[in-house]
Amino acid sequence: MSEIFSKVSQVKEKIISEMSSIKDESSLKEFQEKHLSKKSELSQLMSEIKNLANEEKAKFGQAMNDARSAVNEAFQKKAQEINDALIARKLAKETIDITLPGYNYKMGGINPFYLVQDEIIDTFVSMGYEVKEGPDVESDYYNFERMNIPANHPAREMQDSFYINPTTLLRTHTSPEQARAMDEKEGKPLMMICPGKCFRRDDDDVTHSHQFGQVEGLVVGKGITLANLKGTLELFIRKMFGEKRQVRFRGSYFPFTEPSVEVDVTCMNCGGKGCSTCKGTGFIEILGAGMVHPNVLKMAGYDPEVYSGFAFGVGIERVAMLRYGIDDIRKIYQGDVRFIEQFSRK
Amino acid sequence: MKVSLNLLKKFVDLEGLTPEEIAHRFTFAGVEVESIEHIASGSKLVVGEVIHCENMENSDHLHVTKVNCGPEYGTLDIVCGAPNCRKGLKVIVALDGCVLPGGTIKKGQIRGHESNGMLCSLLELGVDSKYLKEEQTKGIEELPSNFEVGSTNVLELLGLDDVVLDLKLLANRSDLYSILNVAKEIKTLFSKETKIPEVKVKENLKASFPVDSKTEKCPQFSARVVKGIVTKESPSWLKEALRSSGIRSINNIVDIGNYVMLLTGQPLHMYDLDKLPKKELVVRDDIEGDFVALDEKTYKLQKGDICITSSGKVMCLGGVMGSLECAVDEKTRNIVIEAANFDYASIRRTSIRLNLSSDSSQRFVKGINPNQYNFVMDLTADLLLSLAEAKEIAEVDTYLKAEFKPTRVASSFEYINARLGTSFSKEEILSALASADIKVEEKGEKFVAIIPDRRIDITGEADLSEEVIRILGFENIEAKLPVTELFVGHLEPNLEKKRIVRSYLRGIGLDEVLNYSLMRESEINDFRILNKDEAYRVLNPLTDEHEYVRTNLLPSLMNTLVYNKNHSNDNVAIFEVSDIYSKENKKHIHLGIALVGNDLRRFAIKGEAYSYYHLKGVVDSLLALFNIDEKRTVLARCSEQEFHPGKSATLKIDGKLAAVFGELHPNTLKRYHLDKENVVVLEMDLGVLFDTKTSLKKMEQISRYQSVKRDFAFIFEDKVTSKEVLSEVRKINRDLIKEVEVFDVYKGEHVKEGHYSLAFSVYLNSNEKTLSDKEISDIEEQIIKAVELKFGAELRK
């Protein structure tokens, strides 16, 4: 009687030990058919139950069940192992070169001209300025007369212009938008900037361009002073070029401002120590500005006894060239994608 | 304006001021000094005498010399290569360690001979060759024999110790085209004493030369007769004064005229008294006809030109150029000197029209001191007496339209500080104004400023505020932010929308370029599709390359594509957003896109050739971005010659032409030498897009029930478009058919010639319930029937 029990145990051990020979899916299947089917050696032992005494039958059944589950459990484990190995081999075959370039979701490049223009716009919008665009093709009246440059004024020599007809020209500066903005406001205070293209009869070379960009700025209100201009420009320049920049005024002349100043900023290349970029001075000329000329206010219907204002004009290419070390203004207009793609946000 | 400091210091004390200090202070006070030019330089120079000179063996040009350099430096062995080197010559010796513009001199060996310095030419001291005679440029400088050996002040002895400041004068400071006024500026900015000479000439002839003006353009005209002059070479001090200011010496008479103009800023003209038809000068502006000028050229006069006439004949084109007829020459003995003031605008017009510009006309154009003609006349006469042996000086005859009155400007101390944002004291402001020769009549807090004649730029109180701050210093301005009303910062709507389009296009990987607005005539006539309006032409272009204002963007973008292809940039995707201008339509906002090569976005290695569908996708996305329903648009084939007739389209929004896009015609590609390329372009009138009114989009309910998808494939004739099919399908049940999407297009095997297979998915759903099988199959049947009936299509099984 105990013989049959030890037989069950023997068969179970034998089957489990045979499992180590399973190496792949087909031997797994073979093994399953041989040892886990109804006709398997272990199942066959069940037929012995009829030879047992009743009280032994339950015990035997239990022993058989235990043996079967032990075998099944071992087999499941083995099957899992084989399957894992199989998947691992399959995945190994699928290995790719992870260093190849990925799909290209890059932003397109941006011309540094626009990079600078957009940033100037954002800076002044955050200070509460409105942004207006004037026309490239402008009347003599707005471009000159309203900017306190009457016909044959000597300052017209400075602004050799492209004329379309005797009274129409390609604007030589964005300043005429000052007059338009004031006309629209009908005597009320205002803060505005105007970015845009300008044209002058300059031969194109490394630093000159017959077409160039400017951002004009204008603030008109009660009690606006030259000190306010300095405060505003200091804020702007520190945003654009860094917190440590100093702003310096030099006397200058524009027909539409009085006093007029050239604005210098600490050299962004050397930080003020003096280098080739700033020709050893530690400062770089960045824009022209001044207090709005009383005639300009008057022509726009503002009483210069009550209102005052400041105005400034920034050259976009100049800022871009200084900031990004661009050595030739013509590169901005060439459209070479190897140039454009060097620039993205900041 | 070139200012020689040697000349300047005759008229103002420059003691203790370096050229750099002057340049710095001037520049900050609004008078930019562009350059500081040292006429010559050399640190260790000495006068030497060649006491021995022999040719070096085995050299065809070198000399071995002994040079006596005086008791301090002794006799030095020096090798010299100049052809004029010889015994007995007094020379400039650059000693060991001397720093010259070209480098530092060091002693050494030359072909075995010791050399302890260099014998110099003036070129080597940095003197510009334009100031030298030819022989001076070919060898070492031959010093006058009276120069003392051993003297170390060589530059001073030669008059070459001068420094020239180049002033970049802005339009407001025309007064500084005068050395005397520059001297006064030094006084203003450095509190130095001026030394302006008082000139009073004793006249020995009565005024007898009638002058008159028949035009408003000449408010003042003075003439003075001077008799018995002798024309000869100018003395060296005068030649030097002119040379350092960039003016060539001609003879004493011409040089005196130029020197007076240099000192005072007043242009003069001199007539040969004996050649004048009548002893009178009358200013007129009503003369037409030919005029033979000093340069022997004939000019056409127009009414409006300022003419100085004598007996009705034009003797001088006022302020511009004299006539040949009465020109002063070597034989001239008696002259009439003219000092007048002319309307700057008129001089400018004449000068530009005749393309005639001179130092005189430039000064008139900028504006001159209207009230110094008597001083100028005396200064000139005084020089003619001392340098041209003048015998008789007549009194000055003057025509004056109105008595000159100095400009008076009323202002207040409060105004000055309020404009500047400063808190200068009354005394500070008064002292600044006084230093600029501005007299002040105080009335408590207010004052009246009396402006000196030379400062024609100061006309209002704003000008006074500038004068105060440039003299007291801009560094006194403290940065203060303005206190104003609060405004909401914002962009003009179109500017905002342009930004949205630009960021979207950069977002899908296109590069943003910027092109010139001015183009060639041939270029602007290409791709003249969206805007056919006449282009603006520039009257005065610099080159024909930049003559017309572009009316469309594609010509520029095509050029940029070509530029990139020529520089081996094979895959290019660029765009530009720009306002364009034309005669009738004025302003439009355009977008241009140009693609060539492969789209590398899908997979950077292989890419996919750019095609019509790339830009069709961009167009659809832009419409979606601006919330414009497809129903408001019409897409039609484009028949423009630049485009591929089968692979291009025009887009209309609400009936307005908004865009043209697609692949290009082979002829176009050939024209741009892009034959082998696949180029796809787009031009869009963004204004149409921006101006299309759309209502605020409200949320649409999404069904809670399961959506059902059914796929169909039909064979269609080629002429049937997918858009027609899809809209026909949608019409069948607008409630339940939520979406119809193409998922395959096929042409080729198993599809007969002239036909294609179109497969699409239909998404069915209801907002109220789950659709029953019956409802679904009913719609399926309707779709099949409708498509077969409408298009004669055949369902693929």
# chains A, B, ... in the order shown; residues from 1 in each chain; ligands from 1
>>> closest_atom_pairs(of="chain A", to="chain B", cutoff="7 Å", atoms="only C-alpha atoms", output="JSON lines")
{"residue": "A:Pro101", "atom": "CA", "partner": "B:Ala604", "partner_atom": "CA", "distance": 6.3}
{"residue": "A:Gly102", "atom": "CA", "partner": "B:Ala604", "partner_atom": "CA", "distance": 6.8}
{"residue": "A:Tyr103", "atom": "CA", "partner": "B:Phe603", "partner_atom": "CA", "distance": 4.9}
{"residue": "A:Asn104", "atom": "CA", "partner": "B:Arg601", "partner_atom": "CA", "distance": 4.4}
{"residue": "A:Tyr105", "atom": "CA", "partner": "B:Arg601", "partner_atom": "CA", "distance": 6.4}
{"residue": "A:Lys106", "atom": "CA", "partner": "B:Gly509", "partner_atom": "CA", "distance": 5.8}
{"residue": "A:Met107", "atom": "CA", "partner": "B:Gly509", "partner_atom": "CA", "distance": 4.7}
{"residue": "A:Gly108", "atom": "CA", "partner": "B:Gly509", "partner_atom": "CA", "distance": 3.8}
{"residue": "A:Gly109", "atom": "CA", "partner": "B:Asp511", "partner_atom": "CA", "distance": 4.5}
{"residue": "A:Ile110", "atom": "CA", "partner": "B:Glu512", "partner_atom": "CA", "distance": 4.9}
{"residue": "A:Asn111", "atom": "CA", "partner": "B:Val513", "partner_atom": "CA", "distance": 5.6}
{"residue": "A:Val125", "atom": "CA", "partner": "B:Gly489", "partner_atom": "CA", "distance": 4.4}
{"residue": "A:Ser126", "atom": "CA", "partner": "B:Gly489", "partner_atom": "CA", "distance": 6.2}
{"residue": "A:Met127", "atom": "CA", "partner": "B:Gly489", "partner_atom": "CA", "distance": 6.7}
{"residue": "A:Gly128", "atom": "CA", "partner": "B:Gly489", "partner_atom": "CA", "distance": 3.7}
{"residue": "A:Tyr129", "atom": "CA", "partner": "B:Gly489", "partner_atom": "CA", "distance": 4.5}
{"residue": "A:Glu130", "atom": "CA", "partner": "B:His490", "partner_atom": "CA", "distance": 4.8}
{"residue": "A:Val131", "atom": "CA", "partner": "B:Leu491", "partner_atom": "CA", "distance": 4.6}
{"residue": "A:Lys132", "atom": "CA", "partner": "B:Glu492", "partner_atom": "CA", "distance": 5.6}
{"residue": "A:Asn152", "atom": "CA", "partner": "B:Ala345", "partner_atom": "CA", "distance": 4.8}
{"residue": "A:Pro154", "atom": "CA", "partner": "B:Lys366", "partner_atom": "CA", "distance": 5.6}
{"residue": "A:Ala155", "atom": "CA", "partner": "B:Ala171", "partner_atom": "CA", "distance": 5.8}
{"residue": "A:Phe162", "atom": "CA", "partner": "B:Val538", "partner_atom": "CA", "distance": 6.0}
{"residue": "A:Tyr163", "atom": "CA", "partner": "B:Leu539", "partner_atom": "CA", "distance": 5.5}
{"residue": "A:Ile164", "atom": "CA", "partner": "B:Val538", "partner_atom": "CA", "distance": 4.7}
{"residue": "A:Asn165", "atom": "CA", "partner": "B:Leu539", "partner_atom": "CA", "distance": 6.8}
{"residue": "A:Arg201", "atom": "CA", "partner": "B:Leu542", "partner_atom": "CA", "distance": 6.7}
{"residue": "A:Gln211", "atom": "CA", "partner": "B:Tyr516", "partner_atom": "CA", "distance": 6.7}
{"residue": "A:Gly221", "atom": "CA", "partner": "B:Thr484", "partner_atom": "CA", "distance": 6.9}
{"residue": "A:Ile224", "atom": "CA", "partner": "B:Pro482", "partner_atom": "CA", "distance": 6.4}
{"residue": "A:Thr225", "atom": "CA", "partner": "B:Gly421", "partner_atom": "CA", "distance": 4.9}
{"residue": "A:Leu226", "atom": "CA", "partner": "B:Leu420", "partner_atom": "CA", "distance": 4.7}
{"residue": "A:Ala227", "atom": "CA", "partner": "B:Gly421", "partner_atom": "CA", "distance": 5.0}
{"residue": "A:Asn228", "atom": "CA", "partner": "B:Lys480", "partner_atom": "CA", "distance": 4.8}
{"residue": "A:Lys230", "atom": "CA", "partner": "B:Ala479", "partner_atom": "CA", "distance": 4.8}
{"residue": "A:Gly231", "atom": "CA", "partner": "B:Ala479", "partner_atom": "CA", "distance": 4.0}
{"residue": "A:Thr232", "atom": "CA", "partner": "B:Leu481", "partner_atom": "CA", "distance": 5.8}
{"residue": "A:Phe249", "atom": "CA", "partner": "B:Phe474", "partner_atom": "CA", "distance": 5.9}
{"residue": "A:Arg250", "atom": "CA", "partner": "B:Phe28", "partner_atom": "CA", "distance": 4.5}
{"residue": "A:Gly251", "atom": "CA", "partner": "B:Gly30", "partner_atom": "CA", "distance": 3.7}
{"residue": "A:Ser252", "atom": "CA", "partner": "B:Gly30", "partner_atom": "CA", "distance": 4.5}
{"residue": "A:Tyr253", "atom": "CA", "partner": "B:Leu170", "partner_atom": "CA", "distance": 6.3}
{"residue": "A:Glu258", "atom": "CA", "partner": "B:Ala462", "partner_atom": "CA", "distance": 5.8}
{"residue": "A:Pro259", "atom": "CA", "partner": "B:Glu466", "partner_atom": "CA", "distance": 4.5}
{"residue": "A:Tyr333", "atom": "CA", "partner": "B:Asn515", "partner_atom": "CA", "distance": 5.3}
{"residue": "A:Gly335", "atom": "CA", "partner": "B:Val513", "partner_atom": "CA", "distance": 5.4}
{"residue": "A:Asp336", "atom": "CA", "partner": "B:Asn564", "partner_atom": "CA", "distance": 5.8}
{"residue": "A:Ile340", "atom": "CA", "partner": "B:Asp511", "partner_atom": "CA", "distance": 6.7}
{"residue": "A:Glu341", "atom": "CA", "partner": "B:Asp511", "partner_atom": "CA", "distance": 6.9}
>>> residues_around(residues="Ser9 in chain A", least_positions_apart="3", cutoff="9 Å", atoms="only C-alpha atoms", output="PyMOL selection string")
chain A and resi 4-6+12-14+63-64+67
>>> write_last_selection(atoms="C-alpha atoms", output="mmCIF file, in the first residue's frame")
data_model
loop_
_atom_site.group_PDB
_atom_site.id
_atom_site.type_symbol
_atom_site.label_atom_id
_atom_site.label_comp_id
_atom_site.auth_asym_id
_atom_site.auth_seq_id
_atom_site.Cartn_x
_atom_site.Cartn_y
_atom_site.Cartn_z
ATOM 1 C CA ILE A 4 1.752 3.067 -4.379
ATOM 2 C CA PHE A 5 2.249 6.272 -2.404
ATOM 3 C CA SER A 6 5.974 6.210 -2.909
ATOM 4 C CA LYS A 12 6.343 13.279 -9.550
ATOM 5 C CA GLU A 13 10.039 13.756 -8.782
ATOM 6 C CA LYS A 14 11.017 12.127 -12.043
ATOM 7 C CA ALA A 63 -1.600 12.601 -2.775
ATOM 8 C CA MET A 64 -2.331 12.509 -6.485
ATOM 9 C CA ALA A 67 1.596 15.652 -7.036
#
>>> closest_residue(among="A:Glu234, A:Asp97, A:Glu177, A:Glu41", to="Tyr142 in chain A", atoms="only C-alpha atoms")
A:Glu177
>>> select_by_dssp(residues="range 113-322 of chain A", states="strand (DSSP E or B)", output="PyMOL selection string")
chain A and resi 130-131+137-139+163-165+168-170+190-199+211-222+247-254+257-266+283-292+307-315
>>> atom_distance(atom1="CA of Ala432 in chain B", atom2="CA of Gly265 in chain B")
24.4 Å
>>> residues_around(residues="Ile22 in chain A", least_positions_apart="2", cutoff="10 Å", atoms="only C-alpha atoms", output="list in words")
Glu18, Met19, Ser20, Asp24, Glu25, Ser26, Ser27, Leu28, Lys29, Glu30, Phe31, Phe75, Lys78, Ala79 and Ile82 of chain A
>>> residues_around(residues="Cys267 in chain A", least_positions_apart="6", cutoff="12 Å", atoms="only C-alpha atoms", output="VMD selection string")
chain A and resid 237 241 to 242 244 to 248 273 to 286 319 322 to 323
>>> write_last_selection(atoms="N, CA, C and O atoms", output="CSV table (one decimal), in the first residue's frame")
chain,number,residue,atom,x,y,z
A,237,ILE,N,16.4,98.9,-21.5
A,237,ILE,CA,17.8,98.4,-21.8
A,237,ILE,C,18.2,97.3,-20.9
A,237,ILE,O,18.8,96.3,-21.3
A,241,PHE,N,19.3,93.8,-22.3
A,241,PHE,CA,20.7,93.5,-22.3
A,241,PHE,C,21.2,93.1,-20.9
A,241,PHE,O,22.4,92.8,-20.8
A,242,GLY,N,20.4,93.1,-19.9
A,242,GLY,CA,20.9,92.6,-18.6
A,242,GLY,C,20.8,93.7,-17.6
A,242,GLY,O,21.0,94.9,-17.8
A,244,LYS,N,22.8,94.8,-15.3
A,244,LYS,CA,23.9,95.6,-14.9
A,244,LYS,C,24.2,96.8,-15.8
A,244,LYS,O,25.2,97.5,-15.6
A,245,ARG,N,23.4,96.9,-16.9
A,245,ARG,CA,23.8,97.9,-17.9
A,245,ARG,C,23.5,99.3,-17.4
A,245,ARG,O,22.5,99.6,-16.7
A,246,GLN,N,24.4,100.2,-17.7
A,246,GLN,CA,24.3,101.6,-17.4
A,246,GLN,C,23.8,102.3,-18.7
A,246,GLN,O,24.2,102.0,-19.8
A,247,VAL,N,23.0,103.4,-18.5
A,247,VAL,CA,22.5,104.2,-19.6
A,247,VAL,C,23.2,105.6,-19.5
A,247,VAL,O,23.2,106.2,-18.4
A,248,ARG,N,23.6,106.1,-20.7
A,248,ARG,CA,24.3,107.4,-20.7
A,248,ARG,C,23.8,108.2,-21.8
A,248,ARG,O,23.5,107.7,-22.9
A,273,LYS,N,34.5,97.5,-19.7
A,273,LYS,CA,36.0,97.6,-19.5
A,273,LYS,C,36.7,98.2,-20.7
A,273,LYS,O,37.8,98.8,-20.5
A,274,GLY,N,36.0,98.1,-21.8
A,274,GLY,CA,36.7,98.6,-23.1
A,274,GLY,C,37.2,97.5,-23.9
A,274,GLY,O,38.0,96.7,-23.4
A,275,CYS,N,36.7,97.4,-25.2
A,275,CYS,CA,37.1,96.3,-26.1
A,275,CYS,C,37.0,96.8,-27.5
A,275,CYS,O,36.7,98.0,-27.7
A,276,SER,N,37.2,95.9,-28.4
A,276,SER,CA,37.2,96.4,-29.8
A,276,SER,C,35.7,96.7,-30.3
A,276,SER,O,35.5,97.6,-31.1
A,277,THR,N,34.7,96.0,-29.7
A,277,THR,CA,33.3,96.3,-30.1
A,277,THR,C,33.0,97.7,-29.7
A,277,THR,O,32.3,98.4,-30.5
A,278,CYS,N,33.4,98.2,-28.6
A,278,CYS,CA,33.1,99.6,-28.1
A,278,CYS,C,34.2,100.6,-28.4
A,278,CYS,O,34.2,101.7,-27.9
A,279,LYS,N,35.2,100.1,-29.1
A,279,LYS,CA,36.4,100.9,-29.5
A,279,LYS,C,37.0,101.5,-28.2
A,279,LYS,O,37.4,102.7,-28.2
A,280,GLY,N,37.0,100.7,-27.2
A,280,GLY,CA,37.7,101.1,-26.0
A,280,GLY,C,37.0,102.0,-25.0
A,280,GLY,O,37.5,102.4,-24.0
A,281,THR,N,35.8,102.4,-25.4
A,281,THR,CA,35.0,103.4,-24.6
A,281,THR,C,34.2,102.8,-23.5
A,281,THR,O,33.8,103.5,-22.6
A,282,GLY,N,33.9,101.5,-23.6
A,282,GLY,CA,33.1,100.9,-22.6
A,282,GLY,C,31.6,101.1,-22.9
A,282,GLY,O,30.8,100.5,-22.1
A,283,PHE,N,31.3,101.9,-23.8
A,283,PHE,CA,29.9,102.2,-24.1
A,283,PHE,C,29.6,102.0,-25.6
A,283,PHE,O,30.5,102.2,-26.4
A,284,ILE,N,28.3,101.7,-25.9
A,284,ILE,CA,27.9,101.5,-27.3
A,284,ILE,C,26.7,102.4,-27.5
A,284,ILE,O,25.7,102.4,-26.7
A,285,GLU,N,26.7,103.1,-28.7
A,285,GLU,CA,25.5,103.9,-29.0
A,285,GLU,C,24.4,103.0,-29.5
A,285,GLU,O,24.6,102.2,-30.3
A,286,ILE,N,23.2,103.2,-28.9
A,286,ILE,CA,22.2,102.3,-29.2
A,286,ILE,C,20.9,102.9,-29.8
A,286,ILE,O,20.2,102.3,-30.5
A,319,VAL,N,20.6,96.6,-32.8
A,319,VAL,CA,20.5,95.8,-31.6
A,319,VAL,C,20.8,94.3,-31.9
A,319,VAL,O,21.5,93.7,-31.2
A,322,LEU,N,24.6,93.8,-32.5
A,322,LEU,CA,25.3,93.8,-31.2
A,322,LEU,C,25.1,92.6,-30.4
A,322,LEU,O,26.0,92.0,-29.8
A,323,ARG,N,23.8,92.2,-30.3
A,323,ARG,CA,23.5,91.1,-29.4
A,323,ARG,C,23.9,89.8,-29.9
A,323,ARG,O,24.4,89.0,-29.1
>>> residues_around(residues="Tyr763 in chain B", least_positions_apart="2", cutoff="9 Å", atoms="only C-alpha atoms", output="MDAnalysis selection string")
chainID B and resid 707:711 736:741 761 765
>>> select_by_dssp(residues="range 34-200 of chain B", states="alpha helix (DSSP H)", output="list in words")
Gly70, Pro71, Glu72, Tyr73, Glu134, Glu135, Gln136, Thr137, Lys138, Val154, Leu155, Glu156, Leu157, Ile179, Leu180, Asn181, Val182, Ala183, Lys184, Glu185, Ile186, Lys187, Thr188, Leu189 and Phe190 of chain B
>>> atom_distance(atom1="CA of Leu263 in chain B", atom2="CA of Glu296 in chain B")
28.8 Å
